[in-house]
Amino acid sequence: MAVTAAESGFDLTLTAEQEQVQRTARAFASEKVLPRAAEIDEQARIPRELISEMGALGFMGICVPERYGGSQLDMLTYVLVAEEINRACASTGVVLCTHVSLAIDPILRFGTEAQKARFIPGLARGERIGCFALSEPASGSDAAAMRTSARRDGDAWVLNGTKNFITNGSIADVAVVFAQTDPAAHQKGIAAFIVEKGTPGFGVGKLERKLGIRGSDTAQLVFQDCRVSAVNLLGEVGEGLRIALSTLDGGRISIAAQAVGIARACLEDALAYAKEREAFGKKIADFQAIQWKLADMATEIDAARLLTWRAAALKDADQDHILAAAEAKLFASDVAVKASRDCVQIFGGYGYLKDFPAERHYRDAKITEIYEGTSEIMNLVIADELLRE
Ligand SMILES: Cc1cc2nc3c(=O)[nH]c(=O)nc-3n(C[C@H](O)[C@H](O)[C@H](O)COP(=O)(O)OP(=O)(O)OC[C@H]3O[C@@H](n4cnc5c(N)ncnc54)[C@H](O)[C@@H]3O)c2cc1C
């Protein structure tokens with residue numbers, strides 16, 4: 001069964017250092033990110049200096065060991081930071097979460113010493129941006145059905161194919177790319193590669209226009225006879241799917257934190273509005289119908305945060321966190337979507353207008369049920385874990 005908080009040694013008390021980092025993230029998010037969130041959404045781009053500032057604060061390399069230029073903080077501290085940034089702006093939040101969880105993490109866990117020394121310091125400082133390229137036009141949930149191919153040719157691998165929906169795709173300097181080396185071997189033929197921007201044959205295709213997280217970059221990546229040096233093979237041939245799936249197990253914890261951040265934005269904005277807006281001679285916060293919505297939001301956000309912290313604590317303790325991460329993502333994304341719907345409702349007609357943040361939260365929340373494994377896939381993962389036991 002699921003590991004309980006006590007079994008995982010999970011203590012709800014944050015350390016002084018965790019509180020300090022949380023305060024720093026909250027101040028940065030409210031002073032630097034939140035005031036630009038509407039503009040980021042409207043212009044569908046994130047100012048590069050915001051990413052550099054996250055680098056300067058140590059957030060872009062938050063879990064990276066100091067010897068590679070990182071902050072060497074734990075996963076729990078990272079989810080505290082992720083909640084704060086996503087509370088301010090989910091577009092900015094996903095740049096951070098993708099970079100930290102999906103690009104840096106697999107290189108740190110599966111890379112050779114030479115790969116880590118070469119790629120991690122620049123990524124950890126936020127001078128370079130990372131992305132993770134698994135999905136394709138015809139394969140998402142069924143990642144093993146990928147068609148991008150990798151053929152060995154002397155001291156290089158030659159990649160051909162198209163990757164779809166890649167977060168940070170057009171702005172990334174370093175991509176972790178998955179490709180099939182032997183279609184007959186199916187999932188045992190998949191390998192992971194580190195591909196740098198500027199490698200001949202590696203280009204950016206279509207930039208996607210989206211419902212929400214509009215400031216975040218979502219691009220197709222195209223590989224046409226792209227020669228990648230054999231020293232850039234990440235892990236072993238045949239290990240690619242395991243690298244991808246274990247990376248997503250960790251990434252889901254950060255998406256759960258993103259969902260908690262979005263849901264908290266909904267609650268805080270709805271609460272403030274309900275205390276100001278009047279109807280029938282009263283503040284709308286005086287109506288029980290509004291109070292119940294706010295109470296449900298607060299309760300569900302706390303529950304989602306606890307699941308997220310538990311999953312982070314398990315990962316920090318090097319314990320199996322597949323089930324805990326899937327539960328946290330499944331629950332927290334549902335909470336975010338519901339909170340965003342209630343937030344719009346509490347704002348009434350103004351909730352439907354661009355002048356207020358409620359409609360942005362409504363559009364942003366939905367993605368948390370889709371990427372890094374849809375809610376249906378989370379249910380499958382959870383059921384698999386239960387049945388396996
Ligand atoms: C904004 C955005 C950013 C993204 N960023 C990245 C990224 O950085 N890197 C990357 O590699 N990918 C990324 N993705 C891709 C994302 O992970 C996939 O969209 C997602 O995994 C779903 O895959 P799909 O879109 O192909 O849907 P499909 O897999 O085609 O699924 C369609 C529907 O069928 C359901 N379904 C599929 N299989 C089953 C099943 N076995 N049982 C029950 N239901 C099932 C799904 O839940 C869904 O409802 C991103 C997507 C978006 C929209």
# chains A, B, ... in the order shown; residues from 1 in each chain; ligands from 1
call {"tool": "closest_atom_pairs", "arguments": {"of": "chain A", "to": "ligand 1", "cutoff": "6 Å", "atoms": "only C-alpha atoms and all ligand atoms", "output": "tab-separated table"}}
result
residue	atom	partner	partner_atom_place_in_ligand_line	distance
A:Phe132	CA	ligand 1	9 (N)	5.0
A:Ala133	CA	ligand 1	11 (O)	4.3
A:Leu134	CA	ligand 1	11 (O)	3.5
A:Ser135	CA	ligand 1	11 (O)	3.8
A:Ser139	CA	ligand 1	26 (O)	5.1
A:Gly140	CA	ligand 1	26 (O)	3.2
A:Ser141	CA	ligand 1	29 (O)	3.6
A:Asp142	CA	ligand 1	29 (O)	5.9
A:Phe165	CA	ligand 1	50 (C)	4.5
A:Ile166	CA	ligand 1	8 (O)	3.9
A:Thr167	CA	ligand 1	8 (O)	3.7
A:Thr218	CA	ligand 1	3 (C)	5.9
A:Ile370	CA	ligand 1	20 (C)	5.5
A:Tyr371	CA	ligand 1	17 (O)	3.9
A:Glu372	CA	ligand 1	17 (O)	4.6
A:Gly373	CA	ligand 1	21 (O)	4.6
A:Thr374	CA	ligand 1	47 (O)	4.8
A:Glu376	CA	ligand 1	47 (O)	4.4
A:Ile377	CA	ligand 1	47 (O)	5.7
call {"tool": "closest_atom_pairs", "arguments": {"of": "stretch 45-140 of chain A", "to": "stretch 173-179 of chain A", "cutoff": "10 Å", "atoms": "only C-alpha atoms", "output": "tab-separated table"}}
result
residue	atom	partner	partner_atom	distance
A:His99	CA	A:Val174	CA	9.7
A:Leu102	CA	A:Val176	CA	8.1
A:Ala103	CA	A:Val176	CA	6.1
A:Ile104	CA	A:Val176	CA	8.9
A:Pro106	CA	A:Val176	CA	8.1
A:Ile107	CA	A:Val176	CA	8.1
A:Phe119	CA	A:Val174	CA	7.9
A:Ile120	CA	A:Val174	CA	9.9
A:Gly122	CA	A:Asp173	CA	9.8
A:Leu123	CA	A:Val174	CA	8.4
A:Glu127	CA	A:Asp173	CA	9.2
A:Arg128	CA	A:Asp173	CA	5.6
A:Ile129	CA	A:Asp173	CA	5.4
A:Gly130	CA	A:Val174	CA	4.8
A:Cys131	CA	A:Ala175	CA	4.8
A:Phe132	CA	A:Val176	CA	4.8
A:Ala133	CA	A:Val177	CA	4.8
A:Leu134	CA	A:Phe178	CA	5.6
A:Ser135	CA	A:Phe178	CA	8.8
call {"tool": "write_last_selection", "arguments": {"atoms": "C-alpha atoms", "output": "mmCIF file, in the first residue's frame"}}
result
data_model
loop_
_atom_site.group_PDB
_atom_site.id
_atom_site.type_symbol
_atom_site.label_atom_id
_atom_site.label_comp_id
_atom_site.auth_asym_id
_atom_site.auth_seq_id
_atom_site.Cartn_x
_atom_site.Cartn_y
_atom_site.Cartn_z
ATOM 1 C CA HIS A 99 14.111 22.734 -17.078
ATOM 2 C CA LEU A 102 12.820 16.992 -17.253
ATOM 3 C CA ALA A 103 16.128 18.304 -18.618
ATOM 4 C CA ILE A 104 18.571 18.523 -15.700
ATOM 5 C CA PRO A 106 17.874 12.803 -16.306
ATOM 6 C CA ILE A 107 21.357 14.152 -17.145
ATOM 7 C CA PHE A 119 26.106 20.340 -19.551
ATOM 8 C CA ILE A 120 24.959 20.812 -15.963
ATOM 9 C CA GLY A 122 25.352 26.237 -17.536
ATOM 10 C CA LEU A 123 21.867 24.769 -17.049
ATOM 11 C CA GLU A 127 22.507 30.588 -18.594
ATOM 12 C CA ARG A 128 21.339 27.727 -20.780
ATOM 13 C CA ILE A 129 17.793 26.334 -20.956
ATOM 14 C CA GLY A 130 16.829 22.675 -21.191
ATOM 15 C CA CYS A 131 13.948 20.753 -22.698
ATOM 16 C CA PHE A 132 12.713 17.147 -22.866
ATOM 17 C CA ALA A 133 11.615 15.724 -26.207
ATOM 18 C CA LEU A 134 9.588 12.545 -25.915
ATOM 19 C CA SER A 135 6.157 13.182 -27.497
#
call {"tool": "select_by_dssp", "arguments": {"residues": "stretch 135-240 of chain A", "states": "strand (DSSP E)", "output": "ChimeraX atom specification"}}
result
/A:149-153,156-167,174-180,190-196,202-207,218-229,233-234
call {"tool": "residues_around", "arguments": {"residues": "stretch 204-210 of chain A", "least_positions_apart": "6", "cutoff": "9 Å", "atoms": "only C-alpha atoms", "output": "MDAnalysis selection string"}}
result
chainID A and resid 44 162 164:165 169:170 217:223
call {"tool": "select_by_dssp", "arguments": {"residues": "stretch 276-360 of chain A", "states": "helix (DSSP H, G or I)", "output": "PyMOL selection string"}}
result
chain A and resi 276+284-286+288-316+322-352+358-360
call {"tool": "residues_around", "arguments": {"residues": "stretch 69-85 of chain A", "least_positions_apart": "6", "cutoff": "7 Å", "atoms": "only C-alpha atoms", "output": "PDB file with C-alpha atoms, in the first residue's frame"}}
result
ATOM      1  CA  GLN A  18      13.186  25.631   3.479  1.00  0.00           C
ATOM      2  CA  GLN A  22      10.060  29.759   0.301  1.00  0.00           C
ATOM      3  CA  ALA A  25      10.543  32.614  -3.905  1.00  0.00           C
ATOM      4  CA  ARG A  26       7.339  34.255  -2.675  1.00  0.00           C
ATOM      5  CA  ALA A  29       7.097  35.777  -7.503  1.00  0.00           C
ATOM      6  CA  GLY A  58      19.532  29.487  -7.662  1.00  0.00           C
ATOM      7  CA  GLY A  61      19.668  24.537 -10.540  1.00  0.00           C
ATOM      8  CA  ILE A  62      17.791  24.071  -7.302  1.00  0.00           C
ATOM      9  CA  CYS A  63      18.437  20.325  -6.836  1.00  0.00           C
ATOM     10  CA  THR A  92       6.893  31.023 -16.021  1.00  0.00           C
ATOM     11  CA  GLY A  93       6.384  28.103 -13.659  1.00  0.00           C
ATOM     12  CA  PRO A 121      26.768  23.994 -14.779  1.00  0.00           C
ATOM     13  CA  ALA A 124      22.094  25.077 -13.258  1.00  0.00           C
ATOM     14  CA  ARG A 125      22.959  28.775 -13.496  1.00  0.00           C
ATOM     15  CA  SER A 254       6.497  19.469  -9.893  1.00  0.00           C
ATOM     16  CA  ALA A 257       3.102  21.739  -7.280  1.00  0.00           C
ATOM     17  CA  GLN A 258       2.173  23.793 -10.334  1.00  0.00           C
ATOM     18  CA  VAL A 260      -1.363  23.711  -6.201  1.00  0.00           C
ATOM     19  CA  GLY A 261       0.103  27.093  -7.170  1.00  0.00           C
ATOM     20  CA  TRP A 309       4.910  17.221  -0.231  1.00  0.00           C
ATOM     21  CA  ALA A 312       8.603  15.029  -2.752  1.00  0.00           C
ATOM     22  CA  ALA A 313       9.637  13.653   0.641  1.00  0.00           C
ATOM     23  CA  ASP A 316      14.154  12.953  -1.244  1.00  0.00           C
TER      24      ASP A 316
END
call {"tool": "closest_residue", "arguments": {"among": "A:Val337, A:Arg388, A:Leu271, A:Asn168", "to": "A:Lys293", "atoms": "only C-alpha atoms"}}
result
A:Leu271
call {"tool": "residues_around", "arguments": {"residues": "A:Cys226", "least_positions_apart": "6", "cutoff": "8 Å", "atoms": "only C-alpha atoms", "output": "PDB file with C-alpha atoms, in the first residue's frame"}}
result
ATOM      1  CA  TRP A 157      24.158   8.634 -34.112  1.00  0.00           C
ATOM      2  CA  VAL A 158      22.022   9.985 -36.955  1.00  0.00           C
ATOM      3  CA  LEU A 159      18.596  11.184 -35.787  1.00  0.00           C
ATOM      4  CA  ASN A 160      15.546  11.589 -38.017  1.00  0.00           C
ATOM      5  CA  THR A 199      23.783  20.814 -34.136  1.00  0.00           C
ATOM      6  CA  PRO A 200      23.408  20.563 -37.943  1.00  0.00           C
ATOM      7  CA  GLY A 201      20.129  18.865 -38.852  1.00  0.00           C
ATOM      8  CA  PHE A 202      18.410  19.923 -35.591  1.00  0.00           C
TER       9      PHE A 202
END
call {"tool": "closest_residue", "arguments": {"among": "A:Val95, A:Ala358, A:Ala117, A:Gln288", "to": "A:Ala272", "atoms": "only C-alpha atoms"}}
result
A:Ala358
call {"tool": "residues_around", "arguments": {"residues": "A:Thr112", "least_positions_apart": "3", "cutoff": "12 Å", "atoms": "only C-alpha atoms", "output": "ChimeraX atom specification"}}
result
/A:106-109,115-120,194,231-236
call {"tool": "closest_residue", "arguments": {"among": "A:Arg242, A:Arg48, A:Arg87, A:Arg310", "to": "A:Leu34", "atoms": "only C-alpha atoms"}}
result
A:Arg87
